[in-house]
$ cat entry-v5.txt   # compact mmCIF, C-alpha atoms and all ligand atoms
# COMPACT_ATOMS: atom_id res chain seq x y z
CA MET A 1 12.75 15.88 22.02
CA ASN A 2 16.04 17.49 22.90
CA SER A 3 16.07 20.84 21.10
CA THR A 4 19.44 20.04 19.53
CA THR A 5 18.13 16.83 17.95
CA GLU A 6 17.18 17.34 14.34
CA LYS A 7 13.79 16.17 13.12
CA ARG A 8 15.23 14.55 10.01
CA ILE A 9 14.12 11.25 8.53
CA ALA A 10 15.06 9.21 5.47
CA LEU A 11 12.22 7.10 4.13
CA ILE A 12 13.75 4.38 1.97
CA SER A 13 11.66 2.69 -0.68
CA VAL A 14 14.06 1.20 -3.21
CA HIS A 15 11.51 -0.28 -5.63
CA GLY A 16 8.47 1.87 -4.82
CA ASP A 17 9.06 5.38 -6.16
CA PRO A 18 6.84 7.78 -4.18
CA ALA A 19 6.85 10.29 -7.03
CA ILE A 20 5.55 8.18 -9.92
CA GLU A 21 2.09 7.39 -11.29
CA ILE A 22 0.29 4.86 -9.13
CA GLY A 23 -1.61 1.83 -10.38
CA LYS A 24 0.77 0.69 -13.10
CA GLU A 25 3.28 -2.14 -13.23
CA GLU A 26 4.43 -2.66 -9.65
CA ALA A 27 3.35 0.76 -8.36
CA GLY A 28 0.67 0.47 -5.73
CA GLY A 29 0.08 0.82 -2.02
CA GLN A 30 3.71 1.17 -0.98
CA ASN A 31 4.28 4.15 -3.28
CA VAL A 32 1.15 5.83 -1.93
CA TYR A 33 2.11 5.06 1.68
CA VAL A 34 5.62 6.49 1.42
CA ARG A 35 4.47 9.62 -0.39
CA GLN A 36 1.55 10.36 1.94
CA VAL A 37 3.45 9.57 5.12
CA GLY A 38 6.32 11.73 3.84
CA GLU A 39 4.13 14.73 3.14
CA ALA A 40 2.19 14.40 6.39
CA LEU A 41 5.44 14.13 8.39
CA ALA A 42 6.76 17.26 6.67
CA GLN A 43 3.63 19.08 7.82
CA LEU A 44 4.44 17.98 11.34
CA GLY A 45 7.84 19.67 11.06
CA TRP A 46 10.05 16.80 9.85
CA GLN A 47 12.69 17.18 7.14
CA VAL A 48 11.70 14.27 4.94
CA ASP A 49 13.89 12.74 2.24
CA MET A 50 12.42 9.78 0.38
CA PHE A 51 15.03 7.62 -1.37
CA THR A 52 14.21 5.38 -4.30
CA ARG A 53 15.88 3.75 -7.32
CA LYS A 54 16.23 5.69 -10.54
CA VAL A 55 14.69 3.73 -13.45
CA ASN A 56 15.55 5.89 -16.44
CA LEU A 57 17.95 8.60 -17.46
CA GLU A 58 15.24 11.18 -18.11
CA GLN A 59 13.92 11.03 -14.55
CA ASP A 60 14.82 13.96 -12.31
CA SER A 61 17.19 12.97 -9.52
CA ILE A 62 15.48 15.21 -6.99
CA ILE A 63 11.81 16.21 -6.84
CA GLU A 64 10.54 18.72 -4.29
CA HIS A 65 6.96 17.81 -3.32
CA SER A 66 6.34 20.38 -0.63
CA ASP A 67 8.32 22.30 1.95
CA ASN A 68 10.68 19.85 3.62
CA CYS A 69 9.61 16.85 1.55
CA ARG A 70 11.44 15.53 -1.49
CA THR A 71 12.07 12.36 -3.48
CA ILE A 72 15.71 11.52 -4.21
CA ARG A 73 16.49 8.98 -6.90
CA LEU A 74 19.75 7.06 -6.62
CA LYS A 75 21.37 4.93 -9.27
CA ALA A 76 21.41 1.22 -8.44
CA GLY A 77 21.84 -1.13 -11.38
CA PRO A 78 20.62 -0.44 -14.90
CA LEU A 79 18.60 2.71 -15.60
CA GLU A 80 15.48 0.75 -16.45
CA PHE A 81 12.53 -0.94 -14.75
CA VAL A 82 13.73 -4.07 -12.96
CA PRO A 83 11.15 -6.42 -11.35
CA ARG A 84 11.47 -6.36 -7.57
CA ASP A 85 12.59 -9.99 -7.37
CA GLU A 86 15.68 -9.04 -9.39
CA ILE A 87 16.80 -5.91 -7.51
CA PHE A 88 18.70 -7.45 -4.60
CA ASP A 89 22.07 -7.57 -6.42
CA TYR A 90 22.01 -3.79 -6.94
CA LEU A 91 21.43 -2.85 -3.33
CA SER A 92 25.06 -2.34 -2.39
CA GLU A 93 25.32 0.28 -5.14
CA PHE A 94 22.22 1.91 -3.63
CA VAL A 95 23.92 2.02 -0.22
CA ASP A 96 27.12 3.49 -1.76
CA ASN A 97 25.16 6.22 -3.51
CA PHE A 98 23.17 6.95 -0.35
CA LEU A 99 26.43 7.46 1.54
CA LYS A 100 27.81 9.67 -1.25
CA PHE A 101 24.62 11.76 -1.15
CA GLN A 102 25.10 12.27 2.58
CA VAL A 103 28.72 13.38 2.12
CA LYS A 104 27.88 15.73 -0.74
CA ASN A 105 25.05 17.34 1.23
CA GLU A 106 26.83 17.28 4.58
CA LEU A 107 24.07 15.24 6.14
CA LYS A 108 23.81 12.13 8.21
CA TYR A 109 20.51 10.34 8.75
CA GLN A 110 20.37 9.10 12.35
CA LEU A 111 17.05 7.46 11.62
CA VAL A 112 15.87 5.60 8.54
CA HIS A 113 12.40 4.16 7.94
CA THR A 114 12.67 1.34 5.41
CA ASN A 115 9.86 -0.10 3.30
CA TYR A 116 9.68 -3.68 1.96
CA TRP A 117 12.41 -6.26 2.51
CA LEU A 118 14.76 -4.88 -0.17
CA SER A 119 15.00 -1.54 1.61
CA SER A 120 15.29 -3.30 4.97
CA TRP A 121 18.63 -4.69 3.80
CA VAL A 122 19.76 -1.14 2.97
CA GLY A 123 18.71 -0.01 6.46
CA MET A 124 20.60 -2.85 8.11
CA GLU A 125 23.76 -1.89 6.15
CA LEU A 126 23.40 1.75 7.24
CA LYS A 127 23.10 0.58 10.81
CA LYS A 128 26.37 -1.39 10.45
CA ILE A 129 28.22 1.42 8.66
CA GLN A 130 27.10 4.49 10.56
CA GLY A 131 24.88 3.35 13.41
CA SER A 132 21.61 4.63 11.90
CA GLN A 133 18.52 3.56 13.81
CA GLN A 134 15.96 1.66 11.79
CA VAL A 135 12.17 1.57 11.67
CA HIS A 136 10.79 -0.93 9.17
CA THR A 137 7.42 -1.56 7.48
CA TYR A 138 7.20 -4.84 5.54
CA HIS A 139 4.22 -4.08 3.22
CA SER A 140 4.29 -7.78 2.37
CA LEU A 141 5.79 -10.79 4.13
CA GLY A 142 7.57 -13.46 2.12
CA ALA A 143 6.49 -16.10 4.63
CA VAL A 144 2.83 -15.29 3.88
CA LYS A 145 3.18 -14.57 0.18
CA TYR A 146 5.00 -17.81 -0.64
CA ASN A 147 2.08 -19.73 0.87
CA THR A 148 -0.30 -18.18 -1.65
CA ILE A 149 1.64 -18.50 -4.92
CA GLU A 150 2.75 -21.47 -6.99
CA ASN A 151 6.01 -20.28 -8.52
CA ILE A 152 8.40 -19.48 -5.71
CA PRO A 153 11.10 -17.12 -7.04
CA LEU A 154 14.82 -17.89 -6.69
CA ILE A 155 15.28 -14.98 -4.33
CA ALA A 156 12.86 -16.49 -1.76
CA SER A 157 15.46 -17.87 0.65
CA VAL A 158 17.39 -14.58 0.73
CA ARG A 159 14.17 -12.65 1.32
CA LEU A 160 13.06 -14.90 4.17
CA ALA A 161 16.47 -14.58 5.87
CA VAL A 162 16.54 -10.78 5.49
CA GLU A 163 12.97 -10.48 6.80
CA LYS A 164 13.89 -12.47 9.91
CA GLN A 165 17.06 -10.48 10.50
CA VAL A 166 15.34 -7.10 10.27
CA LEU A 167 12.57 -8.15 12.65
CA GLU A 168 15.19 -9.13 15.20
CA THR A 169 17.51 -6.13 14.77
CA ALA A 170 15.51 -3.01 13.81
CA GLU A 171 14.77 -0.56 16.61
CA ARG A 172 11.10 -0.86 15.71
CA ILE A 173 8.92 -2.72 13.23
CA VAL A 174 5.67 -1.10 12.16
CA ALA A 175 2.90 -3.64 11.54
CA THR A 176 -0.04 -2.08 9.74
CA SER A 177 -2.62 -4.39 11.30
CA PRO A 178 -2.88 -6.80 14.26
CA GLN A 179 -3.15 -9.60 11.66
CA GLU A 180 0.22 -8.66 10.19
CA GLN A 181 1.78 -8.59 13.65
CA GLN A 182 0.48 -12.10 14.33
CA HIS A 183 1.99 -13.36 11.09
CA MET A 184 5.36 -11.85 12.01
CA ARG A 185 5.28 -13.61 15.34
CA SER A 186 4.03 -16.97 14.11
CA LEU A 187 5.93 -17.17 10.81
CA VAL A 188 9.05 -15.01 11.13
CA SER A 189 10.40 -14.63 14.67
CA THR A 190 9.36 -14.23 18.28
CA LYS A 191 12.14 -11.68 18.81
CA GLY A 192 12.05 -7.94 18.03
CA ASN A 193 9.90 -4.90 18.80
CA ILE A 194 6.65 -4.41 16.92
CA ASP A 195 4.25 -1.43 17.06
CA ILE A 196 0.92 -1.39 15.24
CA ILE A 197 0.40 1.78 13.20
CA PRO A 198 -2.06 1.36 10.31
CA CYS A 199 -1.91 2.76 6.79
CA GLY A 200 -4.00 5.82 6.14
CA THR A 201 -5.94 7.66 3.51
CA ASP A 202 -6.77 11.21 2.48
CA ILE A 203 -10.10 11.77 4.22
CA GLN A 204 -10.59 15.17 2.57
CA ARG A 205 -10.10 13.86 -0.95
CA PHE A 206 -11.99 10.60 -0.51
CA GLY A 207 -15.52 11.55 0.47
CA SER A 208 -15.46 14.94 -1.23
CA ILE A 209 -18.25 14.08 -3.68
CA GLY A 210 -21.65 12.35 -3.33
CA ARG A 211 -23.01 9.44 -5.37
CA GLU A 212 -25.38 11.43 -7.56
CA ALA A 213 -22.84 14.10 -8.52
CA ALA A 214 -20.19 11.43 -9.14
CA ARG A 215 -22.50 9.49 -11.47
CA PHE A 216 -23.41 12.65 -13.32
CA LYS A 217 -19.72 13.44 -13.82
CA LEU A 218 -18.94 9.94 -15.10
CA GLY A 219 -22.11 9.61 -17.19
CA ILE A 220 -23.41 6.65 -15.17
CA ASP A 221 -27.16 6.07 -14.97
CA LYS A 222 -28.82 6.88 -11.61
CA GLU A 223 -30.48 3.47 -11.52
CA ALA A 224 -27.37 1.46 -12.38
CA LYS A 225 -25.97 -1.05 -9.88
CA VAL A 226 -22.27 -0.34 -9.98
CA VAL A 227 -19.65 -2.83 -8.81
CA LEU A 228 -16.13 -1.40 -8.69
CA TYR A 229 -12.60 -2.85 -8.58
CA VAL A 230 -9.55 -0.63 -8.17
CA GLY A 231 -6.00 -1.93 -8.12
CA ARG A 232 -3.14 -3.49 -9.95
CA PHE A 233 -3.53 -6.32 -12.43
CA ASP A 234 -1.90 -9.19 -10.61
CA GLU A 235 -3.33 -12.69 -10.30
CA ARG A 236 -2.95 -12.43 -6.51
CA LYS A 237 -5.47 -9.57 -6.55
CA GLY A 238 -8.26 -12.04 -7.40
CA ILE A 239 -9.96 -10.06 -10.18
CA GLU A 240 -11.01 -13.36 -11.72
CA THR A 241 -13.03 -14.17 -8.58
CA LEU A 242 -14.83 -10.84 -8.88
CA VAL A 243 -15.63 -11.29 -12.57
CA ARG A 244 -16.99 -14.79 -11.99
CA ALA A 245 -18.97 -13.58 -8.96
CA VAL A 246 -20.67 -10.82 -10.96
CA ASN A 247 -21.47 -13.44 -13.58
CA GLU A 248 -23.29 -15.39 -10.83
CA SER A 249 -25.13 -12.32 -9.51
CA GLN A 250 -28.94 -12.40 -9.42
CA LEU A 251 -28.78 -9.04 -11.19
CA ARG A 252 -26.55 -10.30 -13.98
CA ASP A 253 -29.27 -10.09 -16.61
CA SER A 254 -31.12 -7.11 -15.16
CA LYS A 255 -29.58 -4.58 -17.60
CA ASN A 256 -28.82 -2.41 -14.58
CA ILE A 257 -25.59 -3.97 -13.51
CA GLN A 258 -22.24 -2.40 -14.35
CA LEU A 259 -18.83 -3.77 -13.52
CA ILE A 260 -16.03 -1.19 -13.58
CA ILE A 261 -12.44 -2.41 -13.35
CA GLY A 262 -9.89 0.34 -12.70
CA GLY A 263 -6.12 -0.07 -12.88
CA GLY A 264 -3.34 0.38 -15.39
CA SER A 265 -1.29 -2.14 -17.31
CA THR A 266 1.55 -2.26 -19.77
CA PRO A 267 1.28 -4.59 -22.79
CA GLY A 268 3.79 -7.44 -22.58
CA ASN A 269 4.54 -6.88 -18.87
CA SER A 270 3.13 -9.18 -16.20
CA ASP A 271 0.25 -6.77 -15.50
CA GLY A 272 -0.55 -6.55 -19.23
CA ILE A 273 -0.69 -10.35 -19.38
CA GLU A 274 -3.09 -10.47 -16.41
CA ARG A 275 -5.27 -7.79 -17.99
CA ASP A 276 -5.50 -9.83 -21.21
CA ARG A 277 -6.39 -12.93 -19.20
CA ILE A 278 -9.16 -11.09 -17.34
CA GLU A 279 -10.49 -9.60 -20.57
CA ALA A 280 -10.61 -13.08 -22.13
CA ILE A 281 -12.68 -14.37 -19.17
CA ILE A 282 -15.06 -11.40 -19.49
CA ASN A 283 -15.55 -12.16 -23.18
CA GLU A 284 -15.91 -15.89 -22.63
CA LEU A 285 -18.65 -15.30 -20.03
CA GLY A 286 -20.42 -12.85 -22.33
CA MET A 287 -20.01 -9.97 -19.89
CA SER A 288 -18.42 -7.37 -22.14
CA GLY A 289 -21.74 -5.53 -22.61
CA PHE A 290 -21.77 -4.39 -18.98
CA THR A 291 -18.12 -4.54 -17.99
CA ILE A 292 -15.64 -1.77 -18.60
CA LEU A 293 -11.90 -1.72 -18.05
CA VAL A 294 -11.20 1.95 -17.54
CA GLY A 295 -7.39 1.76 -17.21
CA ARG A 296 -5.29 3.57 -14.67
CA LEU A 297 -7.28 6.00 -12.53
CA SER A 298 -5.46 9.05 -11.17
CA GLN A 299 -5.74 9.88 -7.48
CA GLU A 300 -7.71 12.98 -8.60
CA ILE A 301 -10.47 11.05 -10.36
CA LEU A 302 -10.54 8.04 -8.01
CA PRO A 303 -12.81 9.66 -5.37
CA THR A 304 -15.45 10.10 -8.09
CA TYR A 305 -15.32 6.41 -9.05
CA TYR A 306 -15.52 5.22 -5.45
CA ALA A 307 -18.45 7.56 -4.76
CA ALA A 308 -20.31 6.45 -7.90
CA ALA A 309 -20.12 2.77 -6.94
CA ASP A 310 -22.71 0.83 -4.94
CA VAL A 311 -20.05 -1.55 -3.75
CA CYS A 312 -16.27 -1.79 -4.04
CA VAL A 313 -14.83 -5.30 -4.15
CA VAL A 314 -11.35 -6.25 -2.90
CA PRO A 315 -11.04 -9.94 -3.82
CA SER A 316 -7.29 -10.38 -3.06
CA HIS A 317 -5.96 -13.85 -2.25
CA TYR A 318 -3.95 -12.09 0.45
CA GLU A 319 -3.60 -8.45 1.47
CA PRO A 320 -1.22 -7.15 4.16
CA PHE A 321 -3.30 -3.97 4.50
CA GLY A 322 -5.26 -2.96 1.39
CA LEU A 323 -5.52 0.79 0.88
CA VAL A 324 -8.35 0.43 -1.62
CA ALA A 325 -10.71 -0.79 1.11
CA ILE A 326 -10.22 2.32 3.26
CA GLU A 327 -10.35 4.65 0.24
CA ALA A 328 -13.76 3.20 -0.67
CA MET A 329 -14.97 3.38 2.93
CA ALA A 330 -13.78 7.00 3.21
CA SER A 331 -15.90 7.66 0.12
CA GLY A 332 -19.00 6.23 1.82
CA THR A 333 -19.05 3.06 -0.26
CA PRO A 334 -19.36 -0.37 1.35
CA VAL A 335 -16.68 -2.96 0.68
CA VAL A 336 -16.90 -6.66 -0.07
CA ALA A 337 -13.46 -8.08 0.65
CA SER A 338 -11.60 -11.32 1.13
CA ASP A 339 -11.54 -12.45 4.72
CA VAL A 340 -7.75 -12.20 4.95
CA GLY A 341 -4.91 -10.13 6.43
CA GLY A 342 -5.40 -6.40 6.89
CA LEU A 343 -8.87 -6.53 5.32
CA GLN A 344 -10.09 -8.30 8.47
CA PHE A 345 -8.95 -5.22 10.38
CA THR A 346 -10.24 -2.45 8.09
CA VAL A 347 -13.55 -3.94 6.96
CA VAL A 348 -15.92 -4.73 9.81
CA ASN A 349 -18.11 -7.60 8.66
CA GLU A 350 -21.83 -6.63 8.50
CA LYS A 351 -21.01 -3.07 9.68
CA THR A 352 -18.89 -1.45 6.93
CA GLY A 353 -19.19 -4.19 4.35
CA LEU A 354 -18.91 -7.96 4.08
CA LEU A 355 -16.04 -10.43 4.24
CA ALA A 356 -15.97 -13.56 2.10
CA PRO A 357 -13.49 -16.44 1.89
CA PRO A 358 -10.84 -15.66 -0.75
CA GLN A 359 -11.46 -17.14 -4.22
CA ASP A 360 -14.98 -18.26 -3.21
CA VAL A 361 -17.04 -17.12 -6.21
CA ASN A 362 -20.43 -17.99 -4.69
CA ALA A 363 -19.70 -16.24 -1.40
CA PHE A 364 -18.61 -13.09 -3.25
CA ALA A 365 -21.68 -13.24 -5.49
CA SER A 366 -24.10 -13.43 -2.58
CA ALA A 367 -22.27 -10.72 -0.60
CA ILE A 368 -22.37 -8.38 -3.60
CA ASP A 369 -26.07 -9.13 -4.14
CA ARG A 370 -26.99 -8.51 -0.52
CA ILE A 371 -25.63 -4.98 -0.83
CA LEU A 372 -26.93 -4.26 -4.34
CA LEU A 373 -30.42 -5.43 -3.44
CA ASN A 374 -30.72 -3.28 -0.34
CA PRO A 375 -29.90 0.41 -1.00
CA GLU A 376 -30.83 1.52 2.53
CA TRP A 377 -28.47 -0.97 4.09
CA ARG A 378 -25.83 0.01 1.52
CA ASP A 379 -26.09 3.63 2.70
CA GLU A 380 -25.91 2.60 6.34
CA LEU A 381 -22.78 0.47 5.73
CA GLY A 382 -21.27 3.40 3.82
CA LYS A 383 -21.85 5.84 6.69
CA VAL A 384 -20.34 3.56 9.30
CA GLY A 385 -17.35 2.92 7.00
CA ARG A 386 -16.71 6.63 6.60
CA LYS A 387 -16.78 7.12 10.39
CA ARG A 388 -14.37 4.23 10.90
CA VAL A 389 -11.85 5.71 8.48
CA GLU A 390 -12.17 9.20 9.97
CA SER A 391 -11.42 7.91 13.44
CA LYS A 392 -8.70 5.37 12.64
CA PHE A 393 -7.12 5.78 9.23
CA SER A 394 -6.36 9.41 8.35
CA TRP A 395 -2.80 10.10 7.10
CA HIS A 396 -2.53 12.85 9.64
CA GLY A 397 -3.31 10.41 12.46
CA VAL A 398 -0.91 7.81 11.06
CA ALA A 399 1.90 10.38 10.65
CA THR A 400 1.31 11.65 14.18
CA GLN A 401 1.84 8.14 15.55
CA LEU A 402 4.97 7.66 13.43
CA SER A 403 6.27 11.05 14.52
CA GLU A 404 5.88 10.05 18.17
CA LEU A 405 7.73 6.83 17.52
CA TYR A 406 10.63 8.58 15.72
CA THR A 407 10.86 11.21 18.45
CA GLN A 408 11.08 8.52 21.08
CA LEU A 409 13.86 6.74 19.16
CA LEU A 410 15.87 9.91 18.59
CA GLN A 411 15.72 10.82 22.26
CA PRO A 412 19.28 10.76 23.58
CA VAL A 413 19.73 7.77 25.87
CA GLN A 414 19.83 8.98 29.47
CA GLU A 415 22.97 7.82 31.28
CA PRO A 416 21.95 6.27 34.59
CA LEU A 417 22.81 8.67 37.42
CA LEU A 418 25.74 7.52 39.45
CA LEU A 419 24.50 6.92 42.92
CA ALA A 420 26.41 8.94 45.48
CA LYS A 421 28.13 6.75 47.97
N1 LIG A 501 -4.37 3.01 -7.51
C1 LIG A 501 -4.47 4.16 -8.28
N2 LIG A 501 -4.92 4.05 -9.56
C2 LIG A 501 -5.26 2.86 -10.11
C3 LIG A 501 -5.17 1.69 -9.31
C4 LIG A 501 -4.72 1.81 -8.02
O1 LIG A 501 -4.16 5.26 -7.84
O2 LIG A 501 -5.66 2.84 -11.27
C5 LIG A 501 -3.93 3.15 -6.10
C6 LIG A 501 -5.08 2.93 -5.12
O3 LIG A 501 -5.86 4.09 -5.01
C7 LIG A 501 -4.32 2.56 -3.84
C8 LIG A 501 -3.07 1.84 -4.36
O4 LIG A 501 -2.98 2.16 -5.75
O5 LIG A 501 -3.95 3.72 -3.13
C9 LIG A 501 -3.18 0.34 -4.18
O6 LIG A 501 -2.89 0.02 -2.86
P1 LIG A 501 -3.35 -1.34 -2.16
O7 LIG A 501 -2.80 -1.32 -0.77
O8 LIG A 501 -4.82 -1.51 -2.26
O9 LIG A 501 -2.69 -2.49 -3.03
P2 LIG A 501 -1.17 -2.81 -3.47
O10 LIG A 501 -0.99 -2.18 -4.81
O11 LIG A 501 -0.26 -2.24 -2.43
O12 LIG A 501 -1.10 -4.29 -3.54
$ encode --input "entry-v5.txt" --output "structure tokens" --more "lines below"
Ligand code: UDP
Amino acid sequence: MNSTTEKRIALISVHGDPAIEIGKEEAGGQNVYVRQVGEALAQLGWQVDMFTRKVNLEQDSIIEHSDNCRTIRLKAGPLEFVPRDEIFDYLSEFVDNFLKFQVKNELKYQLVHTNYWLSSWVGMELKKIQGSQQVHTYHSLGAVKYNTIENIPLIASVRLAVEKQVLETAERIVATSPQEQQHMRSLVSTKGNIDIIPCGTDIQRFGSIGREAARFKLGIDKEAKVVLYVGRFDERKGIETLVRAVNESQLRDSKNIQLIIGGGSTPGNSDGIERDRIEAIINELGMSGFTILVGRLSQEILPTYYAAADVCVVPSHYEPFGLVAIEAMASGTPVVASDVGGLQFTVVNEKTGLLAPPQDVNAFASAIDRILLNPEWRDELGKVGRKRVESKFSWHGVATQLSELYTQLLQPVQEPLLLAK
């Protein structure tokens, strides 16, 4: 890079605050991604500012995470939680406040990396207003999502149009898996520049504790067969499939089996409603004696849960990437996952876990049983999974690839030399 070019980047994540607790309401993979990428980029020498929407008056407007890495909360609409499908109308206020922040701090972001379609609109406005270059990560594609849900929200047509426009106009799109890239091409547009750079995970944190020590810490019996779910409560996550699959397991009545469901919820909100629905199914199937809903798990305690489990199940109807799968693999725990999206990229069938058709209770039950009934194979799958994550999915590796991409984009365009006559 030209020595006069600043290594400054704005990561924009309007609805996914990188500084809040993960696992509750709508906070999930995107929040983790932005935060981890931000911190890893700062370690590589970037000045990283992560912009998000302020959701209550008490929240700090600026949080310093580490040297050169901070979260900046801008006002856009009411100072309260607003579901993501209702945020679009407040985006122009977000852009205005972004511009005011720049003026006040005498800054101008030449490069913005936007996350999710809402932020992509902000990035496209900044391009129009001040010529900022844009890198975009979708995290979820409307064209795929609307195929998997029944109630299509009113905002769908706007989202689909914005997603097409950003693919065709951003300097670079980051697909997190080859599967996501294919979907962009087949369902969104054949135009635009796409690079594949996966999501990552903290390979020091996940994998820092062994199974026995983890079970001791959590008070789980050595002989127990532990099946784990980690994630948000959202029907699309397929927790019902997992519960019904464990109910079909050969080990169901063995007294050894334990189903642990981790993830937070808020009563009355959509995730609270899904939690109640799942709990009702557990009770109806008579599984409450060996099933525990442990609530939101902090990133500090999560490695212990993954390590304690015999198998981690990711039963999503669709998953653009699926951080939980690589977190479990980094912890040496095999994964049984739906044969969809990014999970087809992260989980290698028969090598690091097993893939099953989404919502197929019997297929999930037999995949879970194959692993639970064969501890040696379980350990082998776990080892290969750990190696795969080390070599492909560390945050440091991901941030290094992003850093190279940003550097390339910020390179001043070379004027073609005038040929001497
Ligand atoms: N997560 C967490 N605590 C919980 C539940 C989930 O920290 O109780 C984290 C989990 O570790 C992962 C993220 O939330 O990093 C979920 O990301 P994923 O890509 O699997 O799903 P998404 O939420 O993006 O649909």
$ residues_around --input "entry-v5.txt" --residues "Pro178 in chain A" --least-positions-apart "3" --cutoff "7 Å" --atoms "all atoms listed in the file" --output "VMD selection string"
chain A and resid 181 to 182 196
$ closest_atom_pairs --input "entry-v5.txt" --of "chain A" --to "ligand LIG 501 (chain A)" --cutoff "8 Å" --atoms "all atoms listed in the file" --output "tab-separated table"
residue	atom	partner	partner_atom	distance
A:Glu21	CA	A:LIG501	O1	7.4
A:Ile22	CA	A:LIG501	O1	4.7
A:Gly23	CA	A:LIG501	C3	3.7
A:Lys24	CA	A:LIG501	O2	7.0
A:Glu26	CA	A:LIG501	O10	7.3
A:Ala27	CA	A:LIG501	O10	6.3
A:Gly28	CA	A:LIG501	O10	3.3
A:Gly29	CA	A:LIG501	O11	3.1
A:Gln30	CA	A:LIG501	O11	5.4
A:Asn31	CA	A:LIG501	C8	7.8
A:Val32	CA	A:LIG501	O5	5.6
A:Tyr33	CA	A:LIG501	O5	7.9
A:His139	CA	A:LIG501	O11	7.4
A:Thr201	CA	A:LIG501	O5	8.0
A:Val230	CA	A:LIG501	C3	5.1
A:Gly231	CA	A:LIG501	C3	3.9
A:Arg232	CA	A:LIG501	C3	5.6
A:Lys237	CA	A:LIG501	O12	7.5
A:Gly262	CA	A:LIG501	O2	5.1
A:Gly263	CA	A:LIG501	O2	3.4
A:Gly264	CA	A:LIG501	O2	5.3
A:Gly295	CA	A:LIG501	O2	6.3
A:Arg296	CA	A:LIG501	O2	3.5
A:Leu297	CA	A:LIG501	O2	3.8
A:Ser298	CA	A:LIG501	O1	5.2
A:Gln299	CA	A:LIG501	O1	4.9
A:Leu302	CA	A:LIG501	O3	6.8
A:Glu319	CA	A:LIG501	O12	7.0
A:Pro320	CA	A:LIG501	O7	7.8
A:Phe321	CA	A:LIG501	O7	5.9
A:Gly322	CA	A:LIG501	O7	3.7
A:Leu323	CA	A:LIG501	O7	3.8
A:Val324	CA	A:LIG501	O8	4.1
A:Ala325	CA	A:LIG501	O8	6.8
A:Glu327	CA	A:LIG501	O3	6.9
$ residues_around --input "entry-v5.txt" --residues "Thr291 in chain A" --least-positions-apart "4" --cutoff "12 Å" --atoms "all atoms listed in the file" --output "number ranges by chain"
A: 225-229, 242-244, 246-247, 252, 255-262, 278-279, 281-283, 285-287
$ closest_residue --input "entry-v5.txt" --among "A:Ile203, A:Val37, A:Val158, A:Val166" --to "Glu125 in chain A" --atoms "all atoms listed in the file"
A:Val166
$ closest_residue --input "entry-v5.txt" --among "A:Gln133, A:Ser254, A:Asn115, A:Thr190" --to "Gln411 in chain A" --atoms "all atoms listed in the file"
A:Gln133
$ residues_around --input "entry-v5.txt" --residues "range 357-374 of chain A" --least-positions-apart "6" --cutoff "7 Å" --atoms "all atoms listed in the file" --output "PyMOL selection string"
chain A and resi 225+238+241+244-246+248-250+310+315-317+336+338-339
$ atom_distance --input "entry-v5.txt" --atom1 "CA of Asp67 in chain A" --atom2 "CA of Gln43 in chain A"
8.2 Å
$ atom_distance --input "entry-v5.txt" --atom1 "CA of Leu405 in chain A" --atom2 "CA of Val103 in chain A"
26.8 Å
$ atom_distance --input "entry-v5.txt" --atom1 "CA of Val314 in chain A" --atom2 "CA of Gly142 in chain A"
20.9 Å
$ closest_residue --input "entry-v5.txt" --among "A:Phe216, A:Arg211, A:Phe206, A:Glu404" --to "Glu390 in chain A" --atoms "all atoms listed in the file"
A:Phe206
$ residues_around --input "entry-v5.txt" --residues "Leu409 in chain A" --least-positions-apart "5" --cutoff "10 Å" --atoms "only C-alpha atoms" --output "compact mmCIF listing (two decimals) with C-alpha atoms, in the coordinates of the input"
# COMPACT_ATOMS: atom_id res chain seq x y z
CA MET A 1 12.75 15.88 22.02
CA GLN A 110 20.37 9.10 12.35
CA LEU A 111 17.05 7.46 11.62
CA GLN A 133 18.52 3.56 13.81
CA GLN A 134 15.96 1.66 11.79
CA VAL A 135 12.17 1.57 11.67
CA GLU A 171 14.77 -0.56 16.61
CA ARG A 172 11.10 -0.86 15.71
CA SER A 403 6.27 11.05 14.52
CA GLU A 404 5.88 10.05 18.17
$ residues_around --input "entry-v5.txt" --residues "Glu163 in chain A" --least-positions-apart "5" --cutoff "8 Å" --atoms "all atoms listed in the file" --output "list in words"
Trp117, Ser120, Leu141, Gly142 and Val188 of chain A
$ residues_near_point --input "entry-v5.txt" --point "(10.0, 14.3, 17.7)" --cutoff "10 Å" --atoms "only C-alpha atoms" --output "PyMOL selection string"
chain A and resi 1-3+5-8+44-46+400+402-411
$ closest_residue --input "entry-v5.txt" --among "A:Glu212, A:Leu79, A:Thr52, A:Glu274" --to "Ile239 in chain A" --atoms "all atoms listed in the file"
A:Glu274
